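The block underneath contains the structure these notes are about, expressed in structure tokens.
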Amino acid sequence: MAKSKDLSTIVPVSWEFVSSSGPSLAHHTGGFVRGSWYIHGGITVRGSTSPSDQFYKFDPSEASWVEVTTHGSPALSHHSSVVLGDRYLILIGGWDGKARTSDVHMYDVEKDKWQGVATSGFPVGAGLSSFTATLLAKDEILIIGREGSLRIQRRSGNAFSLKLDLGKGIGSYREYPMGVASRSGHTATMIGKRVIVFGGRDDKLIEQHPGYSPVPDHRTANVLNSVDAKIEALKLKSVTKLPCGRKHHIGVEGHGLIFIHGGDTFDGKSRFPVGEAYLLKLKPVLSVYKLGVTEVGRAGHICMTDGEDVFIHGGVGERNAVFGDLYKLKVS
């Protein structure tokens with residue numbers, strides 16, 4: 001296969017500035033609920049072991065942030081979240097300032113109220129951090145990634161299924177026999193009936209796991225079609241060598257495509273988080289296209305889509321500072 005061209009000039013992908021007034025956070029989480037962005041927790045200084053309990057809402061129509069922290073908001077970082085029923089933001093696991101936890105917390109947007117969820121089935125003495133939570137059909141949540149504590153740390157990969165009964169306020173974990181490689185700080189993206197795991201280690205960059213039930217009519221990023229259309233029109237070639245391993249990057253799906261941005265690389269060439277962007281195509285075969293190096297280098301940032309555009313917020317950037325700005329992916 002021919003060597004890939006420099007797509008940073010052929011396919012201009014950049015970040016359009018949206019807001020600088022957001023909270024400066026890294027390793028936080030969030031979701032899009034009822035037309036607004038909600039973000040929770042994280043740390044304010046790189047390497048901090050003291051997580052935040054702060055909770056924020058961004059109104060896209062007003063381009064404004066407001067803190068909505070209320071009683072019961074847990075202090076967490078390196079946790080994950082899913083949105084259920086366009087009403088509930090579910091927080092899973094994370095670092096609570098003393099240990100990794102497998103606890104589950106639920107925020108009801110309609111009632112503006114936090115509620116703890118009693119869980120069972122997770123290994124005693126262990127917890128989760130820098131892992132992924134992927135929503136499957138029938139509100140089943142697939143957990144992939146780092147599990148352990150100061151006493152327990154597996155060398156092999158691990159995966160769990162989490163089922164919730166929100167009416168009763170309970171949840172149950174069970175171990176999932178999927179044979180995933182051990183990872184931390186990776187992304188997991190649902191494409192059709194396949195789960196695509198990217199990064200989180202310095203080798204085995206990409207894994208594909210078939211046979212999962214997707215969420216019907218899930219929100220997908222339409223903007224990625226514009227990137228794909230230009231790649232096809234210009235007959236550009238995919239890379240012949242996969243990029244180096246990385247962690248704490250972001251990944252988002254759009255019509256069978258996966259957009260990857262940023263992260264801390266394992267090759268030791270960069271002192272700070274990178275701004276590299278890639279597009280993964282799964283058809284007809286898995287192919288990786290480098291979109292160049294964007295002007296925003298970040299790690300530990302979060303990515304959200306409203307069904308049309310792709311947004312990133314916060315994260316660690318240049319000189320290891322923690323940022324609070326919000327950007328939208330722009331394709332000229």
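Residues in the structure tokens are numbered from 1 in each chain, the chains being A, B, ... in the order shown, and ligands are numbered from 1 in the order shown.
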Practice item. For region 22-24 of chain A, work out the shell of residues within 8 Å, counting only C-alpha atoms and skipping chain neighbours fewer than 3 positions away, then give it as JSON, numbers by chain. Key: {"A": [19, 44, 56, 65, 314, 315, 322, 323, 324, 325, 326]}
Expected file: the selected residues, all heavy atoms, as a JSON list (two decimals), in the first residue's frame:
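Generated output (part31.json):
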[["chain", "number", "residue", "atom", "x", "y", "z"],
["A", 19, "SER", "N", -15.98, 28.00, 23.82],
["A", 19, "SER", "CA", -16.10, 28.69, 25.11],
["A", 19, "SER", "C", -14.84, 28.48, 25.93],
["A", 19, "SER", "O", -14.24, 27.40, 25.91],
["A", 19, "SER", "CB", -17.30, 28.15, 25.89],
["A", 19, "SER", "OG", -17.30, 28.62, 27.23],
["A", 44, "THR", "N", -8.08, 19.06, 39.03],
["A", 44, "THR", "CA", -7.76, 20.41, 38.56],
["A", 44, "THR", "C", -6.27, 20.62, 38.34],
["A", 44, "THR", "O", -5.87, 21.62, 37.75],
["A", 44, "THR", "CB", -8.28, 21.46, 39.55],
["A", 44, "THR", "OG1", -7.69, 21.21, 40.85],
["A", 44, "THR", "CG2", -9.79, 21.37, 39.68],
["A", 56, "TYR", "N", -21.31, 20.38, 36.43],
["A", 56, "TYR", "CA", -21.57, 21.55, 35.60],
["A", 56, "TYR", "C", -22.49, 21.20, 34.44],
["A", 56, "TYR", "O", -22.54, 20.06, 33.96],
["A", 56, "TYR", "CB", -20.25, 22.11, 35.03],
["A", 56, "TYR", "CG", -19.33, 22.68, 36.07],
["A", 56, "TYR", "CD1", -18.41, 21.85, 36.73],
["A", 56, "TYR", "CD2", -19.36, 24.02, 36.40],
["A", 56, "TYR", "CE1", -17.55, 22.36, 37.68],
["A", 56, "TYR", "CE2", -18.49, 24.54, 37.36],
["A", 56, "TYR", "CZ", -17.59, 23.70, 37.99],
["A", 56, "TYR", "OH", -16.74, 24.21, 38.94],
["A", 65, "TRP", "N", -21.87, 28.22, 30.71],
["A", 65, "TRP", "CA", -21.70, 27.20, 31.73],
["A", 65, "TRP", "C", -22.36, 27.66, 33.04],
["A", 65, "TRP", "O", -22.34, 28.84, 33.37],
["A", 65, "TRP", "CB", -20.22, 26.97, 32.02],
["A", 65, "TRP", "CG", -19.46, 26.29, 30.93],
["A", 65, "TRP", "CD1", -18.73, 26.89, 29.94],
["A", 65, "TRP", "CD2", -19.31, 24.89, 30.75],
["A", 65, "TRP", "NE1", -18.15, 25.95, 29.14],
["A", 65, "TRP", "CE2", -18.48, 24.71, 29.61],
["A", 65, "TRP", "CE3", -19.79, 23.77, 31.42],
["A", 65, "TRP", "CZ2", -18.13, 23.45, 29.14],
["A", 65, "TRP", "CZ3", -19.44, 22.51, 30.95],
["A", 65, "TRP", "CH2", -18.62, 22.36, 29.83],
["A", 314, "GLY", "N", -11.82, 20.45, 28.15],
["A", 314, "GLY", "CA", -10.85, 20.30, 29.22],
["A", 314, "GLY", "C", -9.66, 19.43, 28.87],
["A", 314, "GLY", "O", -9.25, 19.29, 27.72],
["A", 315, "GLY", "N", -9.10, 18.82, 29.91],
["A", 315, "GLY", "CA", -7.95, 17.95, 29.76],
["A", 315, "GLY", "C", -6.64, 18.63, 30.07],
["A", 315, "GLY", "O", -6.56, 19.84, 30.30],
["A", 322, "VAL", "N", -3.96, 22.23, 33.16],
["A", 322, "VAL", "CA", -5.31, 21.70, 33.02],
["A", 322, "VAL", "C", -6.21, 22.82, 32.50],
["A", 322, "VAL", "O", -6.23, 23.92, 33.05],
["A", 322, "VAL", "CB", -5.84, 21.16, 34.36],
["A", 322, "VAL", "CG1", -7.30, 20.73, 34.23],
["A", 322, "VAL", "CG2", -4.99, 19.99, 34.83],
["A", 323, "PHE", "N", -6.96, 22.52, 31.44],
["A", 323, "PHE", "CA", -7.74, 23.55, 30.74],
["A", 323, "PHE", "C", -9.24, 23.37, 30.96],
["A", 323, "PHE", "O", -9.71, 22.31, 31.37],
["A", 323, "PHE", "CB", -7.43, 23.50, 29.24],
["A", 323, "PHE", "CG", -6.06, 23.99, 28.89],
["A", 323, "PHE", "CD1", -4.96, 23.14, 28.97],
["A", 323, "PHE", "CD2", -5.85, 25.30, 28.51],
["A", 323, "PHE", "CE1", -3.68, 23.59, 28.66],
["A", 323, "PHE", "CE2", -4.58, 25.77, 28.20],
["A", 323, "PHE", "CZ", -3.50, 24.91, 28.27],
["A", 324, "GLY", "N", -9.99, 24.44, 30.65],
["A", 324, "GLY", "CA", -11.44, 24.42, 30.78],
["A", 324, "GLY", "C", -12.16, 24.85, 29.52],
["A", 324, "GLY", "O", -13.35, 25.14, 29.55],
["A", 325, "ASP", "N", -11.44, 24.90, 28.40],
["A", 325, "ASP", "CA", -12.04, 25.37, 27.16],
["A", 325, "ASP", "C", -12.83, 24.27, 26.46],
["A", 325, "ASP", "O", -12.63, 23.08, 26.68],
["A", 325, "ASP", "CB", -10.98, 25.96, 26.22],
["A", 325, "ASP", "CG", -9.69, 25.15, 26.19],
["A", 325, "ASP", "OD1", -9.70, 24.03, 26.70],
["A", 325, "ASP", "OD2", -8.69, 25.64, 25.64],
["A", 326, "LEU", "N", -13.74, 24.71, 25.59],
["A", 326, "LEU", "CA", -14.62, 23.83, 24.84],
["A", 326, "LEU", "C", -14.42, 24.10, 23.36],
["A", 326, "LEU", "O", -14.42, 25.26, 22.93],
["A", 326, "LEU", "CB", -16.07, 24.06, 25.24],
["A", 326, "LEU", "CG", -17.15, 23.24, 24.53],
["A", 326, "LEU", "CD1", -17.09, 21.79, 25.00],
["A", 326, "LEU", "CD2", -18.54, 23.81, 24.80]]
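Within the 6 Å cut-off around region 297-305 of chain A, using only C-alpha atoms and omitting residues fewer than 5 positions from it on the same chain, the listed residues are Ala26, His27, Ala221, His248, His249, Gly262, Gly263, Pro273, Val274, Gly275, Val310, Phe311, Ile312, His313, Gly314, Gly315, Val316 and Gly317 of chain A.
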Point to revise | Backbone-only DSSP, strand (DSSP E or B) members of region 56-183 of chain A, as an MDAnalysis selection string | key: chainID A and resid 56:59 64:67 76:77 80:84 88:95 100:108 113:120 127:135 140:148 153 159:165 170:175
Exercise for review: Name all residues at most 6 Å from Thr119 (chain A) (count only C-alpha atoms; drop same-chain ones fewer than 4 positions away) and give them as a count of residues only.
Suggested key: 3
Review point. From the set A:Val104, A:Leu236, A:Ile258, A:Ala321, which residue has the shortest atom-to-atom contact distance to Asn222 (chain A), counting only C-alpha atoms?
Key: A:Ile258
Within 12 Å of region 15-18 of chain A, which residues of region 219-285 of chain A come that close, and what is the closest atom pair and distance in Å for each? Count only C-alpha atoms and give it as a Markdown table.
| residue | atom | partner | partner_atom | distance |
| --- | --- | --- | --- | --- |
| A:His261 | CA | A:Trp15 | CA | 10.9 |
| A:Gly275 | CA | A:Trp15 | CA | 10.3 |
| A:Glu276 | CA | A:Trp15 | CA | 11.9 |
| A:Ala277 | CA | A:Trp15 | CA | 10.9 |
Can you spit out the residues from that selection as a PDB file, in the first residue's frame, using N, CA and C atoms?
ATOM      1  N   HIS A 261      -8.546  11.358  18.920  1.00  0.00           N
ATOM      2  CA  HIS A 261      -7.768  12.586  19.083  1.00  0.00           C
ATOM      3  C   HIS A 261      -6.987  12.583  20.392  1.00  0.00           C
ATOM      4  N   GLY A 275      -1.636  16.392  19.749  1.00  0.00           N
ATOM      5  CA  GLY A 275      -2.839  16.855  19.065  1.00  0.00           C
ATOM      6  C   GLY A 275      -3.176  16.013  17.853  1.00  0.00           C
ATOM      7  N   GLU A 276      -2.563  14.858  17.729  1.00  0.00           N
ATOM      8  CA  GLU A 276      -2.788  13.999  16.569  1.00  0.00           C
ATOM      9  C   GLU A 276      -4.246  13.561  16.465  1.00  0.00           C
ATOM     10  N   ALA A 277      -4.717  13.493  15.211  1.00  0.00           N
ATOM     11  CA  ALA A 277      -6.090  13.055  14.949  1.00  0.00           C
ATOM     12  C   ALA A 277      -6.075  11.958  13.888  1.00  0.00           C
TER      13      ALA A 277
END
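Nearest to Lys98 (chain A) of all the residues A:Ser48, A:Ser80, A:Leu224, A:Pro243 is A:Ser48, based on only C-alpha atoms.
Across A:Arg34, A:Ser130, A:Gly94, A:Trp114, the tightest approach to Val68 (chain A) is made by A:Trp114 when counting only C-alpha atoms.
Every protein, DNA or RNA residue with an atom at most 8 Å from Gly42 (chain A), where only C-alpha atoms count and chain neighbours fewer than 2 positions away do not, is listed here: Leu25, Ala26, His27, His28, Thr29, His40, Thr44, Pro51, Ser52, Asp53, Leu76, Ser77 and His78 of chain A.
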Store the residues of this selection in a file with N, CA, C and O atoms, as a compact mmCIF listing (two decimals), in the first residue's frame.
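Once everything was written out, this is part-v4.txt:
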# COMPACT_ATOMS: atom_id res chain seq x y z
N LEU A 25 -10.73 21.11 34.15
CA LEU A 25 -10.79 19.75 34.67
C LEU A 25 -10.12 18.77 33.71
O LEU A 25 -10.11 18.98 32.50
N ALA A 26 -9.58 17.70 34.26
CA ALA A 26 -9.05 16.59 33.48
C ALA A 26 -9.50 15.29 34.13
O ALA A 26 -9.78 15.25 35.34
N HIS A 27 -9.59 14.25 33.33
CA HIS A 27 -10.02 12.94 33.81
C HIS A 27 -11.39 13.01 34.48
O HIS A 27 -11.64 12.39 35.51
N HIS A 28 -12.25 13.82 33.87
CA HIS A 28 -13.63 13.94 34.30
C HIS A 28 -14.50 13.12 33.35
O HIS A 28 -13.99 12.38 32.51
N THR A 29 -15.81 13.21 33.47
CA THR A 29 -16.70 12.48 32.59
C THR A 29 -17.96 13.31 32.36
O THR A 29 -18.15 14.34 33.01
N HIS A 40 -18.84 16.04 35.08
CA HIS A 40 -18.72 15.77 36.51
C HIS A 40 -17.30 15.39 36.89
O HIS A 40 -16.61 14.66 36.18
N THR A 44 -8.08 19.06 39.03
CA THR A 44 -7.76 20.41 38.56
C THR A 44 -6.27 20.62 38.34
O THR A 44 -5.87 21.62 37.75
N PRO A 51 -9.86 14.19 43.94
CA PRO A 51 -10.86 14.42 42.91
C PRO A 51 -11.90 15.45 43.33
O PRO A 51 -12.09 15.73 44.52
N SER A 52 -12.57 16.01 42.33
CA SER A 52 -13.59 17.02 42.56
C SER A 52 -14.97 16.39 42.61
O SER A 52 -15.22 15.35 42.00
N ASP A 53 -15.89 17.04 43.34
CA ASP A 53 -17.29 16.62 43.34
C ASP A 53 -18.15 17.59 42.52
O ASP A 53 -19.37 17.51 42.52
N LEU A 76 -15.02 12.26 42.50
CA LEU A 76 -14.46 11.18 41.69
C LEU A 76 -13.62 11.73 40.56
O LEU A 76 -13.88 12.83 40.05
N SER A 77 -12.64 10.96 40.15
CA SER A 77 -11.91 11.21 38.90
C SER A 77 -11.63 9.87 38.24
O SER A 77 -11.80 8.82 38.86
N HIS A 78 -11.23 9.90 36.98
CA HIS A 78 -10.92 8.69 36.22
C HIS A 78 -12.10 7.70 36.22
O HIS A 78 -11.92 6.50 36.20
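When the distance limit is 9 Å and only C-alpha atoms are what count, the residues near Ser332 (chain A), minus those fewer than 4 positions from it on the same chain, are Val11, Pro12, Val13, Ser14 and Ser226 of chain A.
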Serialized selection, N, CA, C and O atoms, as a PDB file, in the first residue's frame:
ATOM      1  N   VAL A  11      -6.926  17.398   4.077  1.00  0.00           N
ATOM      2  CA  VAL A  11      -8.213  17.358   4.762  1.00  0.00           C
ATOM      3  C   VAL A  11      -8.087  18.212   6.023  1.00  0.00           C
ATOM      4  O   VAL A  11      -7.631  17.728   7.048  1.00  0.00           O
ATOM      5  N   PRO A  12      -8.442  19.495   5.926  1.00  0.00           N
ATOM      6  CA  PRO A  12      -8.238  20.389   7.076  1.00  0.00           C
ATOM      7  C   PRO A  12      -9.193  20.053   8.227  1.00  0.00           C
ATOM      8  O   PRO A  12     -10.379  20.352   8.170  1.00  0.00           O
ATOM      9  N   VAL A  13      -8.654  19.453   9.247  1.00  0.00           N
ATOM     10  CA  VAL A  13      -9.415  19.148  10.456  1.00  0.00           C
ATOM     11  C   VAL A  13      -8.856  20.010  11.577  1.00  0.00           C
ATOM     12  O   VAL A  13      -7.660  19.989  11.830  1.00  0.00           O
ATOM     13  N   SER A  14      -9.695  20.782  12.212  1.00  0.00           N
ATOM     14  CA  SER A  14      -9.230  21.676  13.262  1.00  0.00           C
ATOM     15  C   SER A  14     -10.289  21.760  14.352  1.00  0.00           C
ATOM     16  O   SER A  14     -11.365  21.177  14.245  1.00  0.00           O
ATOM     17  N   SER A 226     -18.334  13.947   6.676  1.00  0.00           N
ATOM     18  CA  SER A 226     -17.639  14.952   5.874  1.00  0.00           C
ATOM     19  C   SER A 226     -16.161  14.603   5.727  1.00  0.00           C
ATOM     20  O   SER A 226     -15.565  14.798   4.657  1.00  0.00           O
TER      21      SER A 226
END
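Of the listed residues A:Pro210, A:Gly268, A:Gly97, A:Gly121, the one whose atoms come nearest to Arg246 (chain A) is A:Gly268, with distances taken using only C-alpha atoms.
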Check your understanding: Can you tell me, as a list of chain:residue names, what residues are no more than 12 Å from His71 (chain A) when counting only C-alpha atoms, ignoring any on the same chain fewer than 6 positions away?
Key -> A:Asp53, A:Gln54, A:Phe55, A:Tyr107, A:Asp112, A:Lys113, A:Trp114, A:Gln115, A:Gly116
